[in-house]
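Peer 1: Input structure: final.txt, which contains compact mmCIF, C-alpha atoms and all ligand atoms.
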```
# COMPACT_ATOMS: atom_id res chain seq x y z
CA MET A 1 0.00 0.00 0.00
CA SER A 2 1.32 3.47 -0.94
CA PRO A 3 -0.20 5.91 1.50
CA TYR A 4 0.81 9.29 0.06
CA ALA A 5 -1.39 11.07 -2.48
CA HIS A 6 0.67 13.25 -4.81
CA VAL A 7 -0.64 15.65 -7.43
CA VAL A 8 0.96 14.38 -10.64
CA GLY A 9 -1.13 16.12 -13.29
CA TRP A 10 -3.38 19.15 -13.67
CA GLY A 11 -5.45 21.01 -16.23
CA ARG A 12 -8.00 23.77 -16.62
CA TYR A 13 -10.51 25.00 -19.12
CA VAL A 14 -12.46 28.22 -19.38
CA PRO A 15 -14.96 29.02 -22.14
CA GLU A 16 -13.97 31.55 -24.81
CA ARG A 17 -16.88 33.92 -24.33
CA VAL A 18 -15.94 36.82 -22.06
CA LEU A 19 -18.71 38.78 -20.33
CA SER A 20 -17.38 42.12 -19.14
CA ASN A 21 -18.75 44.30 -16.36
CA GLU A 22 -19.64 46.89 -18.99
CA GLU A 23 -21.80 44.38 -20.85
CA LEU A 24 -23.51 43.40 -17.59
CA ALA A 25 -24.32 47.05 -16.97
CA HIS A 26 -26.61 46.82 -20.03
CA LEU A 27 -28.49 43.92 -18.44
CA VAL A 28 -28.94 45.13 -14.87
CA ASP A 29 -28.55 48.37 -12.93
CA THR A 30 -24.84 48.09 -12.10
CA SER A 31 -21.49 49.52 -13.14
CA ASP A 32 -17.91 48.43 -13.68
CA GLU A 33 -16.84 50.70 -10.76
CA TRP A 34 -19.32 49.09 -8.33
CA ILE A 35 -18.43 45.52 -9.27
CA ARG A 36 -14.66 46.13 -9.17
CA ALA A 37 -14.78 48.05 -5.90
CA ARG A 38 -17.02 45.55 -4.07
CA THR A 39 -15.70 42.30 -5.51
CA GLY A 40 -12.51 42.76 -7.58
CA ILE A 41 -14.20 41.12 -10.58
CA GLY A 42 -13.62 42.61 -14.03
CA GLU A 43 -15.04 39.92 -16.29
CA ARG A 44 -16.17 36.29 -16.31
CA ARG A 45 -16.43 33.44 -18.83
CA ILE A 46 -19.74 32.09 -20.11
CA ALA A 47 -20.11 28.59 -21.52
CA GLY A 48 -21.12 28.31 -25.18
CA GLU A 49 -24.33 26.61 -26.26
CA GLU A 50 -22.58 23.31 -26.91
CA GLU A 51 -20.67 23.44 -23.63
CA SER A 52 -21.72 22.03 -20.27
CA THR A 53 -20.22 21.05 -16.93
CA ALA A 54 -19.26 17.67 -18.41
CA THR A 55 -17.63 18.98 -21.59
CA MET A 56 -15.50 21.47 -19.63
CA ALA A 57 -14.59 18.82 -17.04
CA ILE A 58 -13.48 16.47 -19.83
CA ARG A 59 -11.16 19.10 -21.31
CA ALA A 60 -9.52 19.84 -17.95
CA ALA A 61 -9.29 16.13 -17.12
CA ARG A 62 -7.58 15.26 -20.41
CA GLN A 63 -4.85 17.80 -19.73
CA ALA A 64 -4.28 16.36 -16.25
CA LEU A 65 -3.99 12.81 -17.58
CA GLU A 66 -1.72 13.73 -20.47
CA MET A 67 0.61 15.73 -18.28
CA ALA A 68 0.96 12.81 -15.87
CA GLY A 69 1.36 10.26 -18.66
CA VAL A 70 -1.42 8.21 -17.09
CA ARG A 71 -3.76 6.22 -19.35
CA PRO A 72 -7.52 6.63 -18.74
CA ALA A 73 -7.73 2.88 -18.11
CA GLN A 74 -5.38 3.36 -15.12
CA LEU A 75 -7.89 5.59 -13.32
CA ASP A 76 -9.60 4.10 -10.28
CA MET A 77 -12.00 6.95 -9.45
CA VAL A 78 -13.39 10.06 -11.12
CA ILE A 79 -14.81 12.69 -8.77
CA VAL A 80 -16.59 15.73 -10.16
CA ALA A 81 -17.27 18.46 -7.63
CA THR A 82 -20.12 20.60 -8.94
CA ILE A 83 -23.37 22.34 -8.05
CA THR A 84 -24.33 22.63 -11.71
CA PRO A 85 -24.23 19.03 -12.95
CA ASP A 86 -25.41 18.25 -16.48
CA TYR A 87 -28.34 16.35 -14.93
CA LEU A 88 -29.53 15.72 -11.36
CA PHE A 89 -28.68 12.14 -12.28
CA PRO A 90 -26.79 10.34 -13.69
CA ALA A 91 -23.65 11.90 -12.30
CA THR A 92 -21.62 14.20 -14.54
CA ALA A 93 -18.61 12.16 -13.40
CA CYS A 94 -20.02 9.18 -15.33
CA ALA A 95 -20.13 11.22 -18.54
CA VAL A 96 -16.49 12.18 -17.90
CA GLN A 97 -15.55 8.55 -17.17
CA ASP A 98 -17.18 7.46 -20.42
CA ALA A 99 -15.62 10.17 -22.58
CA LEU A 100 -12.15 9.50 -21.20
CA GLY A 101 -12.48 5.74 -21.55
CA ALA A 102 -11.74 5.23 -17.84
CA ARG A 103 -13.19 1.75 -17.97
CA HIS A 104 -11.84 0.57 -14.61
CA ALA A 105 -12.91 3.67 -12.67
CA GLY A 106 -15.80 4.39 -10.34
CA ALA A 107 -17.37 7.82 -10.80
CA PHE A 108 -19.50 10.13 -8.69
CA ASP A 109 -20.45 13.78 -8.27
CA LEU A 110 -19.80 15.67 -5.11
CA SER A 111 -22.04 18.53 -3.99
CA ALA A 112 -20.28 20.68 -1.43
CA GLY A 113 -20.73 24.11 -3.03
CA CYS A 114 -17.59 26.11 -3.61
CA SER A 115 -15.72 23.85 -1.14
CA GLY A 116 -16.36 20.88 -3.45
CA PHE A 117 -12.89 20.66 -4.93
CA VAL A 118 -11.23 20.60 -1.50
CA TYR A 119 -13.73 17.95 -0.38
CA GLY A 120 -12.74 15.97 -3.50
CA LEU A 121 -9.06 16.30 -2.63
CA GLY A 122 -9.78 15.02 0.88
CA ILE A 123 -11.80 12.04 -0.33
CA GLY A 124 -9.33 11.22 -3.11
CA ALA A 125 -6.32 11.37 -0.77
CA ASN A 126 -8.11 9.14 1.74
CA LEU A 127 -9.11 6.58 -0.91
CA ILE A 128 -5.42 6.40 -1.75
CA ALA A 129 -4.27 6.26 1.88
CA ALA A 130 -6.73 3.41 2.50
CA GLY A 131 -5.28 1.45 -0.43
CA ALA A 132 -8.62 1.51 -2.29
CA CYS A 133 -7.34 3.55 -5.25
CA ARG A 134 -4.06 4.36 -6.98
CA ASN A 135 -5.11 7.08 -9.44
CA VAL A 136 -7.94 9.47 -8.58
CA LEU A 137 -9.08 12.30 -10.82
CA VAL A 138 -10.52 15.23 -8.87
CA ILE A 139 -12.35 17.79 -11.00
CA GLY A 140 -14.20 21.00 -10.16
CA SER A 141 -16.49 22.08 -13.00
CA GLU A 142 -19.35 24.58 -13.11
CA THR A 143 -21.77 26.15 -15.57
CA LEU A 144 -23.18 28.71 -13.17
CA SER A 145 -24.39 30.91 -16.03
CA ARG A 146 -27.21 28.38 -16.50
CA VAL A 147 -28.60 28.89 -12.97
CA MET A 148 -28.17 32.67 -12.78
CA ASP A 149 -31.07 35.03 -12.41
CA TRP A 150 -29.91 37.54 -15.00
CA SER A 151 -32.25 40.16 -13.57
CA ASP A 152 -30.73 39.96 -10.06
CA ARG A 153 -27.78 42.35 -9.89
CA SER A 154 -26.74 41.13 -6.45
CA THR A 155 -25.77 37.69 -7.83
CA CYS A 156 -25.39 37.74 -11.62
CA VAL A 157 -22.29 39.95 -11.49
CA LEU A 158 -20.42 37.49 -9.29
CA PHE A 159 -20.31 34.13 -11.04
CA GLY A 160 -18.73 32.52 -14.10
CA ASP A 161 -18.10 29.18 -15.81
CA GLY A 162 -15.03 26.92 -16.06
CA ALA A 163 -13.31 23.74 -14.93
CA GLY A 164 -10.09 22.60 -13.29
CA ALA A 165 -8.72 19.13 -12.57
CA VAL A 166 -5.90 17.40 -10.72
CA LEU A 167 -4.77 13.80 -10.81
CA LEU A 168 -3.84 12.30 -7.45
CA GLN A 169 -1.50 9.31 -7.49
CA ALA A 170 -0.41 6.92 -4.75
CA SER A 171 3.27 6.99 -3.79
CA ASP A 172 5.59 5.68 -1.07
CA VAL A 173 7.41 9.01 -1.02
CA PRO A 174 6.22 11.29 1.81
CA GLY A 175 4.52 14.49 0.62
CA GLY A 176 1.54 15.36 -1.54
CA VAL A 177 -1.70 16.00 0.36
CA LEU A 178 -0.46 16.45 3.95
CA SER A 179 -3.72 17.20 5.74
CA VAL A 180 -7.32 18.10 5.01
CA VAL A 181 -9.99 19.83 7.09
CA LEU A 182 -13.64 19.58 6.01
CA GLY A 183 -16.59 21.17 7.76
CA ALA A 184 -20.26 22.03 7.38
CA ASP A 185 -23.03 24.05 9.01
CA GLY A 186 -26.35 23.13 7.41
CA SER A 187 -28.20 25.77 9.42
CA GLY A 188 -26.97 28.23 6.77
CA GLY A 189 -28.40 26.24 3.87
CA ASP A 190 -30.71 29.03 2.74
CA LEU A 191 -27.94 31.62 2.56
CA LEU A 192 -26.81 30.30 -0.80
CA TRP A 193 -29.01 27.88 -2.68
CA GLN A 194 -31.08 26.86 -5.67
CA PRO A 195 -34.54 26.35 -4.14
CA ALA A 196 -36.24 24.27 -6.86
CA GLY A 197 -35.46 21.30 -9.04
CA GLY A 198 -34.91 18.78 -6.25
CA SER A 199 -37.47 16.59 -4.46
CA ARG A 200 -38.57 19.39 -2.10
CA HIS A 201 -39.73 21.69 -4.90
CA PRO A 202 -39.87 19.77 -8.16
CA ALA A 203 -40.23 21.79 -11.35
CA SER A 204 -43.67 23.33 -11.82
CA HIS A 205 -45.12 26.42 -13.47
CA TYR A 206 -44.89 28.08 -10.07
CA THR A 207 -41.20 27.32 -9.49
CA VAL A 208 -40.35 28.56 -12.97
CA ALA A 209 -42.45 31.71 -12.63
CA GLU A 210 -40.86 32.47 -9.25
CA ARG A 211 -37.33 31.85 -10.66
CA MET A 212 -36.81 29.21 -8.02
CA HIS A 213 -34.44 27.31 -10.32
CA CYS A 214 -31.96 30.17 -10.08
CA LEU A 215 -29.21 30.69 -7.54
CA ARG A 216 -30.20 32.80 -4.53
CA MET A 217 -27.86 34.32 -2.01
CA LYS A 218 -27.80 36.46 1.10
CA GLY A 219 -24.50 38.09 0.25
CA ARG A 220 -23.71 39.88 3.51
CA GLU A 221 -24.21 36.77 5.66
CA VAL A 222 -22.07 34.68 3.29
CA TYR A 223 -19.42 37.38 3.41
CA ARG A 224 -19.27 37.31 7.21
CA PHE A 225 -19.12 33.50 7.24
CA ALA A 226 -16.28 33.44 4.68
CA VAL A 227 -14.14 36.04 6.43
CA GLN A 228 -14.31 34.03 9.64
CA GLN A 229 -14.01 30.55 8.13
CA ILE A 230 -10.99 30.95 5.82
CA PRO A 231 -8.55 31.81 8.63
CA GLN A 232 -10.01 29.16 10.93
CA ALA A 233 -9.79 26.32 8.39
CA THR A 234 -6.32 27.46 7.31
CA ARG A 235 -4.96 27.43 10.86
CA GLU A 236 -6.51 24.05 11.55
CA VAL A 237 -5.14 22.37 8.43
CA LEU A 238 -1.64 23.71 9.09
CA GLU A 239 -1.78 22.54 12.68
CA ARG A 240 -2.76 19.04 11.55
CA ALA A 241 0.11 19.01 9.04
CA GLY A 242 2.54 20.40 11.64
CA ILE A 243 3.48 23.30 9.34
CA ASP A 244 4.13 26.88 10.40
CA ILE A 245 2.14 29.46 8.45
CA ARG A 246 5.40 31.23 7.57
CA ASP A 247 6.47 28.10 5.65
CA VAL A 248 3.50 28.23 3.30
CA ALA A 249 4.67 29.36 -0.13
CA LEU A 250 1.24 30.14 -1.56
CA PHE A 251 -2.39 30.19 -0.49
CA VAL A 252 -4.91 29.28 -3.17
CA PRO A 253 -8.26 30.46 -1.80
CA HIS A 254 -11.70 30.08 -3.31
CA GLN A 255 -12.12 33.06 -5.63
CA ALA A 256 -15.31 34.71 -4.43
CA ASN A 257 -14.40 38.26 -3.54
CA GLN A 258 -11.12 40.20 -3.38
CA ARG A 259 -12.21 41.84 -0.12
CA ILE A 260 -12.87 38.45 1.48
CA ILE A 261 -9.39 37.24 0.49
CA GLU A 262 -7.73 40.42 1.77
CA ALA A 263 -9.62 40.29 5.06
CA ALA A 264 -8.62 36.64 5.56
CA ALA A 265 -4.98 37.47 4.79
CA ARG A 266 -5.08 40.29 7.36
CA THR A 267 -6.54 38.01 10.04
CA LEU A 268 -3.86 35.41 9.35
CA GLY A 269 -1.13 38.07 9.40
CA VAL A 270 -0.04 37.08 5.90
CA SER A 271 0.74 39.46 3.05
CA PRO A 272 -2.08 39.38 0.42
CA ASP A 273 0.64 38.76 -2.22
CA ARG A 274 0.88 35.22 -0.88
CA PHE A 275 -2.78 34.62 -1.82
CA TYR A 276 -3.21 33.75 -5.48
CA CYS A 277 -6.03 35.73 -7.10
CA ASN A 278 -7.56 35.53 -10.56
CA LEU A 279 -11.03 36.81 -9.70
CA GLU A 280 -10.54 39.80 -11.92
CA ARG A 281 -10.72 37.56 -15.01
CA TYR A 282 -13.12 34.77 -14.05
CA GLY A 283 -15.26 35.85 -11.11
CA ASN A 284 -16.51 33.08 -8.84
CA THR A 285 -16.56 29.70 -10.61
CA SER A 286 -17.60 27.84 -7.43
CA ALA A 287 -16.04 24.34 -7.24
CA ALA A 288 -13.87 25.13 -10.29
CA SER A 289 -12.30 28.26 -8.81
CA ILE A 290 -9.57 26.64 -6.70
CA PRO A 291 -8.32 24.18 -9.35
CA ILE A 292 -8.35 26.89 -12.04
CA ALA A 293 -6.38 29.21 -9.74
CA LEU A 294 -4.01 26.40 -8.77
CA VAL A 295 -3.22 25.54 -12.39
CA GLU A 296 -2.73 29.20 -13.26
CA ALA A 297 -0.39 29.64 -10.29
CA LEU A 298 1.65 26.68 -11.52
CA GLU A 299 1.75 28.07 -15.06
CA ALA A 300 2.85 31.44 -13.69
CA GLY A 301 5.74 29.84 -11.77
CA ARG A 302 4.21 30.81 -8.41
CA ILE A 303 4.69 27.25 -7.09
CA GLN A 304 8.02 25.41 -7.01
CA ARG A 305 8.82 21.81 -6.27
CA ASP A 306 8.72 21.03 -2.49
CA ASP A 307 6.67 24.16 -1.76
CA VAL A 308 3.85 23.84 0.74
CA ILE A 309 0.60 25.32 -0.49
CA VAL A 310 -2.81 25.64 1.14
CA CYS A 311 -6.08 25.43 -0.81
CA VAL A 312 -8.98 26.83 1.19
CA GLY A 313 -12.64 27.06 0.21
CA PHE A 314 -16.06 27.91 1.57
CA GLY A 315 -19.53 27.95 0.12
CA ALA A 316 -23.06 26.62 -0.13
CA GLY A 317 -24.10 24.20 2.56
CA LEU A 318 -22.66 26.00 4.35
CA THR A 319 -19.40 24.15 3.87
CA TRP A 320 -15.72 24.85 4.21
CA GLY A 321 -12.53 22.96 3.57
CA ALA A 322 -8.76 23.37 3.51
CA ALA A 323 -5.97 21.15 2.20
CA ALA A 324 -2.24 21.49 2.82
CA ILE A 325 -0.14 20.05 -0.02
CA ARG A 326 3.61 19.60 -0.40
CA TRP A 327 4.14 20.00 -4.13
CA SER A 328 6.19 17.10 -5.43
CA ALA A 329 5.69 17.05 -9.20
CA PRO A 330 8.68 18.19 -11.30
CA LEU A 331 8.34 21.76 -12.56
CA PRO A 332 8.26 23.22 -15.16
CA VAL A 333 6.28 20.60 -17.02
CA ALA A 334 7.78 19.27 -20.26
CA PRO A 335 5.33 19.74 -23.16
CA LEU A 336 3.71 16.58 -24.50
CA SER A 337 5.40 15.25 -27.67
CA ARG A 338 3.30 15.19 -30.84
CA TRP A 339 3.41 11.42 -30.82
CA ALA A 340 2.19 11.14 -27.21
CA SER A 341 -0.53 13.67 -27.94
CA LEU A 342 -1.65 11.63 -30.95
CA VAL A 343 -1.77 8.44 -28.86
CA TYR A 344 -4.08 10.19 -26.36
CA ARG A 345 -6.33 11.46 -29.18
CA LEU A 346 -6.57 7.89 -30.45
CA ARG A 347 -7.47 6.66 -26.94
CA TYR A 348 -10.29 9.22 -26.66
CA TRP A 349 -11.51 8.29 -30.13
CA GLN A 350 -11.47 4.64 -29.10
CA ALA A 351 -13.40 5.53 -25.92
CA GLY A 352 -16.04 7.30 -28.04
CA ALA A 353 -16.26 4.31 -30.40
CA ARG A 354 -16.54 1.88 -27.47
CA SER A 355 -19.30 3.98 -25.89
CA ALA A 356 -21.21 4.18 -29.18
CA GLY A 357 -20.76 0.42 -29.62
CA ARG A 358 -22.25 -0.26 -26.18
CA ARG A 359 -25.25 1.96 -26.91
CA LEU A 360 -25.77 0.21 -30.22
CA SER A 361 -25.56 -3.26 -28.72
CA ARG A 362 -28.05 -2.23 -26.02
CA TRP A 363 -30.40 -0.89 -28.68
CA ILE A 364 -30.11 -4.09 -30.72
CA GLY A 365 -30.49 -6.20 -27.57
CA ALA A 366 -33.63 -4.30 -26.56
CA ARG A 367 -35.21 -4.70 -30.02
CA PHE A 368 -34.27 -8.35 -30.28
CA ASN A 369 -35.51 -9.19 -26.78
CA GLY A 370 -38.61 -7.06 -27.35
CA ARG A 371 -39.47 -9.03 -30.49
CA LYS A 372 -38.81 -12.33 -28.73
CA SER A 373 -41.00 -11.46 -25.75
CA GLY A 374 -43.67 -10.27 -28.19
CA GLU A 375 -43.53 -13.64 -29.92
CA ASN A 376 -43.69 -15.36 -26.55
CA GLY A 377 -46.71 -13.26 -25.70
CA ARG A 378 -48.52 -14.54 -28.82
CA ASN A 379 -47.70 -18.16 -28.07
N1 LIG B 1 -24.44 46.88 -8.67
C1 LIG B 1 -24.79 47.98 -8.01
N2 LIG B 1 -25.35 47.99 -6.78
C2 LIG B 1 -25.55 46.77 -6.23
C3 LIG B 1 -25.22 45.58 -6.86
C4 LIG B 1 -24.65 45.66 -8.14
N3 LIG B 1 -24.28 44.57 -8.83
N4 LIG B 1 -25.52 44.55 -6.05
C5 LIG B 1 -26.05 45.09 -4.92
N5 LIG B 1 -26.08 46.45 -5.04
C6 LIG B 1 -26.54 47.41 -4.08
C7 LIG B 1 -27.55 46.86 -3.10
O1 LIG B 1 -28.84 46.85 -3.66
C8 LIG B 1 -27.41 47.81 -1.95
O2 LIG B 1 -28.14 48.95 -2.26
P1 LIG B 1 -28.99 49.68 -1.09
O3 LIG B 1 -27.98 50.08 -0.07
O4 LIG B 1 -29.63 50.79 -1.82
O5 LIG B 1 -29.94 48.62 -0.59
C9 LIG B 1 -25.92 48.20 -1.98
O6 LIG B 1 -25.45 47.84 -3.29
C10 LIG B 1 -25.09 47.48 -0.94
O7 LIG B 1 -25.44 46.12 -0.97
P2 LIG B 1 -24.70 45.09 -0.06
O8 LIG B 1 -25.31 43.73 -0.29
O9 LIG B 1 -24.62 45.59 1.34
O10 LIG B 1 -23.24 45.15 -0.69
P3 LIG B 1 -21.94 44.46 -0.16
O11 LIG B 1 -20.90 45.46 0.05
O12 LIG B 1 -22.24 43.48 0.93
O13 LIG B 1 -21.51 43.63 -1.43
C11 LIG B 1 -21.55 41.39 -2.23
C12 LIG B 1 -22.37 42.63 -1.96
C13 LIG B 1 -22.50 40.33 -2.79
C14 LIG B 1 -20.51 41.72 -3.26
C15 LIG B 1 -20.90 40.90 -0.92
O14 LIG B 1 -21.84 40.81 0.09
C16 LIG B 1 -20.25 39.57 -1.08
O15 LIG B 1 -19.30 39.41 -1.81
N6 LIG B 1 -20.73 38.56 -0.33
C17 LIG B 1 -20.18 37.22 -0.41
C18 LIG B 1 -20.74 36.57 -1.61
C19 LIG B 1 -20.01 35.35 -1.97
O16 LIG B 1 -18.83 35.27 -1.88
N7 LIG B 1 -20.76 34.36 -2.43
C20 LIG B 1 -20.23 33.13 -2.89
C21 LIG B 1 -19.78 32.28 -1.77
S1 LIG B 1 -19.14 30.81 -2.39
```
I'd like the structure from this file rewritten - as structure tokens, please.

Peer 2:
Amino acid sequence: MSPYAHVVGWGRYVPERVLSNEELAHLVDTSDEWIRARTGIGERRIAGEEESTATMAIRAARQALEMAGVRPAQLDMVIVATITPDYLFPATACAVQDALGARHAGAFDLSAGCSGFVYGLGIGANLIAAGACRNVLVIGSETLSRVMDWSDRSTCVLFGDGAGAVLLQASDVPGGVLSVVLGADGSGGDLLWQPAGGSRHPASHYTVAERMHCLRMKGREVYRFAVQQIPQATREVLERAGIDIRDVALFVPHQANQRIIEAAARTLGVSPDRFYCNLERYGNTSAASIPIALVEALEAGRIQRDDVIVCVGFGAGLTWGAAAIRWSAPLPVAPLSRWASLVYRLRYWQAGARSAGRRLSRWIGARFNGRKSGENGRN
């Protein structure tokens, strides 16, 4: 058994379409100055018509696999953290598993709001530590634009779409995910939620008319919760890992609001420069925000080998989570050769063909069996 869970691959995807604050000001009564001053957000990405939580997750996941040189068939588990799954069921993770051709992997979605990715890291690392899995793909992917109330200025300016992924791999070498803290307070469930669409309020004319399928938030309460919870979870996770806060090279917080991040940095007595921020370009992408920020920080050279980093999130639930990671993957990453890239393309094509083949054989089986049982019925 190899108890340590190392991050060996990573990827991110954001849609092409940029929605600026200025454009939003044509939709609702707001302004670029207000949004920037209160949140730090300048623009966000919006998924195209053909895109969804699954398609973005697949793109991020492929990058993570290819970087690590791991074949999809080597995956043991696919976890998709999301509050905007393609469907309530089946899980978006199953669509990802199918598209990748991860034929030996289990797959499930994880709903823990904007803390979802950190929850996924915790579960993935523990599956590895328990010896149940060797390769676990942890993805955060969101299409929040599809659950926005575009007439509500207090929420629609905040959120955006995108996906990020990491591949956790078992190793005997100490390092990787050092400690994880996960928490919840369900009494704050109605501070950030999507009231309809589940079993409590299934879709009806009423729920649609009342926009109950859209995200609703009590911003000030969430703000207060976040400012208190980030420092608390950060301290706790560092204590569990036995790491001094001064030894943390970079904090990768959930990207919800620049003021929240700055307030948390002040409380922790850490310079805000040590908190990675990309809110200005993407807004809040919920479960995708930490992995997107993490991958960008790596690309920008903000993380070096052997650095300790802390990912810390908070969100709907209410939930919170923090993970301390000693970065062990070699950096910078060598680009994939054309040949290796072609082999992966072929694998994905094969996965698509296999999936289509299974659907076809099910269809034929159903028709054949249907005819037979019909014949039996006549006899
Ligand atoms: N443009 C212009 N004015 C806006 C606005 C917008 N987009 N959104 C709200 N306002 C107005 C309000 O209507 C209010 O006007 P009023 O005083 O006339 O009633 C005023 O701005 C102040 O509203 P308030 O809600 O007190 O602003 P705030 O400083 O708390 O900022 C948030 C609002 C949402 C930016 C802030 O509360 C926040 O970031 N909360 C946390 C949200 C979050 O992170 N959610 C995700 C968690 S995962």

Peer 1: Counting only C-alpha atoms, write as a ChimeraX atom specification all protein and nucleic acid residues lying at most 12 Å from (-24.9, 31.1, -19.7) in the file's frame.

Peer 2: /A:15,17-19,44-53,84,142-150,156,159-162,214

Peer 1: Quick one: pull the distance between CA of Tyr4 (chain A) and CA of Gly313 (chain A), Å, one decimal.

Peer 2: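 Computing it gives 22.3 Å between the two atoms.
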
Peer 1: From the list A:Ala351, A:Cys277, A:Ile35, A:Ala334, which residue is nearest Gln97 (chain A) when using only C-alpha atoms?

Peer 2: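 Among the listed residues, A:Ala351 lies closest to Gln97 (chain A).
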
Peer 1: Which one is closest to Glu23 (chain A): A:Pro174, A:Ser2, A:Ser286, A:Gly42? Count all atoms listed in the file.

Peer 2: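 The closest residue to Glu23 (chain A) is A:Gly42.
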
Peer 1: Sorted by chain and rising residue number, which residues of region 146-221 of chain A lie within 10 Å of region 106-121 of chain A, and what are their closest atom pairs and distances in Å to one decimal, counting only C-alpha atoms, as JSON lines?

Peer 2:
```
{"residue": "A:Gly164", "atom": "CA", "partner": "A:Phe117", "partner_atom": "CA", "distance": 9.0}
{"residue": "A:Ala165", "atom": "CA", "partner": "A:Phe117", "partner_atom": "CA", "distance": 8.8}
{"residue": "A:Val166", "atom": "CA", "partner": "A:Leu121", "partner_atom": "CA", "distance": 8.8}
{"residue": "A:Leu167", "atom": "CA", "partner": "A:Leu121", "partner_atom": "CA", "distance": 9.6}
{"residue": "A:Leu168", "atom": "CA", "partner": "A:Leu121", "partner_atom": "CA", "distance": 8.2}
{"residue": "A:Val177", "atom": "CA", "partner": "A:Leu121", "partner_atom": "CA", "distance": 7.9}
{"residue": "A:Ser179", "atom": "CA", "partner": "A:Leu121", "partner_atom": "CA", "distance": 10.0}
{"residue": "A:Val180", "atom": "CA", "partner": "A:Val118", "partner_atom": "CA", "distance": 8.0}
{"residue": "A:Val181", "atom": "CA", "partner": "A:Tyr119", "partner_atom": "CA", "distance": 8.6}
{"residue": "A:Leu182", "atom": "CA", "partner": "A:Tyr119", "partner_atom": "CA", "distance": 6.6}
{"residue": "A:Gly183", "atom": "CA", "partner": "A:Tyr119", "partner_atom": "CA", "distance": 9.2}
{"residue": "A:Ala184", "atom": "CA", "partner": "A:Ala112", "partner_atom": "CA", "distance": 8.9}
{"residue": "A:Leu192", "atom": "CA", "partner": "A:Gly113", "partner_atom": "CA", "distance": 9.0}
{"residue": "A:Trp193", "atom": "CA", "partner": "A:Gly113", "partner_atom": "CA", "distance": 9.1}
```

Peer 1: Report as a list in words which protein, DNA and RNA residues come within 6 Å of ligand LIG 1 (chain B), using only C-alpha atoms and all ligand atoms.

Peer 2: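 These are the residues that qualify: Thr30, Ser31, Trp34, Ile35, Arg38, Thr39, Cys114, Arg153, Ser154, Val157, Gly219, Arg220, Val222, Tyr223, Ala256, Asn257, Phe314 and Gly315 of chain A.
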
Peer 1: Calculated over all atoms listed in the file, which of the candidates A:Thr92, A:Val78, A:Gly69, A:Trp10 has the smallest distance to Ala54 (chain A)?

Peer 2: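 Counting all atoms listed in the file, the residue closest to Ala54 (chain A) is A:Thr92.
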
Peer 1: Padding of 6 Å on every side, edges along x, y and z, all listed atoms of region 144-153 of chain A included: what centre and edge lengths in Å, to one decimal, does that box have, as AutoDock Vina command-line options?

Peer 2:
```
--center_x -27.7 --center_y 35.4 --center_z -13.2 --size_x 21.1 --size_y 26.0 --size_z 18.6
```

Peer 1: Record the distance separating CA of Phe275 (chain A) and CA of Trp327 (chain A), expressed in Å with one decimal.

Peer 2: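 Interatomic distance, CA of Phe275 (chain A) to CA of Trp327 (chain A): 16.3 Å.
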
Peer 1: Which distance in Å separates CA of Gly9 (chain A) and CA of Met67 (chain A), to one decimal?

Peer 2: 5.3 Å

Peer 1: Pick from A:Arg200, A:His26, A:Arg12, A:His254: nearest to Val138 (chain A), with all atoms listed in the file counted?

Peer 2: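 The closest residue to Val138 (chain A) is A:Arg12.
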
Peer 1: Under the rule that all atoms listed in the file are counted, which of A:Thr155, A:Gln74, A:Gln169, A:Ser271 is the nearest residue to Arg103 (chain A)?

Peer 2: A:Gln74

Peer 1: Starting from the incomplete input, reconstruct N, CA and C atoms of region 8-16 of chain A and write that as a PDB file, keeping the file's coordinate frame.

Peer 2:
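Wrote it out as out23.pdb, contents follow:
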```pdb
ATOM      1  N   VAL A   8       0.003  14.671  -9.557  1.00  0.00           N
ATOM      2  CA  VAL A   8       0.960  14.380 -10.640  1.00  0.00           C
ATOM      3  C   VAL A   8       0.534  14.974 -11.978  1.00  0.00           C
ATOM      4  N   GLY A   9      -0.683  15.496 -12.045  1.00  0.00           N
ATOM      5  CA  GLY A   9      -1.130  16.120 -13.290  1.00  0.00           C
ATOM      6  C   GLY A   9      -2.215  17.133 -13.000  1.00  0.00           C
ATOM      7  N   TRP A  10      -2.365  18.117 -13.893  1.00  0.00           N
ATOM      8  CA  TRP A  10      -3.380  19.150 -13.670  1.00  0.00           C
ATOM      9  C   TRP A  10      -3.781  19.792 -14.991  1.00  0.00           C
ATOM     10  N   GLY A  11      -4.977  20.351 -15.004  1.00  0.00           N
ATOM     11  CA  GLY A  11      -5.450  21.010 -16.230  1.00  0.00           C
ATOM     12  C   GLY A  11      -6.592  21.945 -15.903  1.00  0.00           C
ATOM     13  N   ARG A  12      -6.890  22.823 -16.835  1.00  0.00           N
ATOM     14  CA  ARG A  12      -8.000  23.770 -16.620  1.00  0.00           C
ATOM     15  C   ARG A  12      -8.620  24.115 -17.959  1.00  0.00           C
ATOM     16  N   TYR A  13      -9.846  24.552 -17.907  1.00  0.00           N
ATOM     17  CA  TYR A  13     -10.510  25.000 -19.120  1.00  0.00           C
ATOM     18  C   TYR A  13     -11.480  26.105 -18.757  1.00  0.00           C
ATOM     19  N   VAL A  14     -11.424  27.193 -19.536  1.00  0.00           N
ATOM     20  CA  VAL A  14     -12.460  28.220 -19.380  1.00  0.00           C
ATOM     21  C   VAL A  14     -13.041  28.508 -20.773  1.00  0.00           C
ATOM     22  N   PRO A  15     -14.351  28.753 -20.830  1.00  0.00           N
ATOM     23  CA  PRO A  15     -14.960  29.020 -22.140  1.00  0.00           C
ATOM     24  C   PRO A  15     -14.377  30.290 -22.766  1.00  0.00           C
ATOM     25  N   GLU A  16     -14.532  30.381 -24.094  1.00  0.00           N
ATOM     26  CA  GLU A  16     -13.970  31.550 -24.810  1.00  0.00           C
ATOM     27  C   GLU A  16     -14.717  32.840 -24.553  1.00  0.00           C
TER      28      GLU A  16
END
```
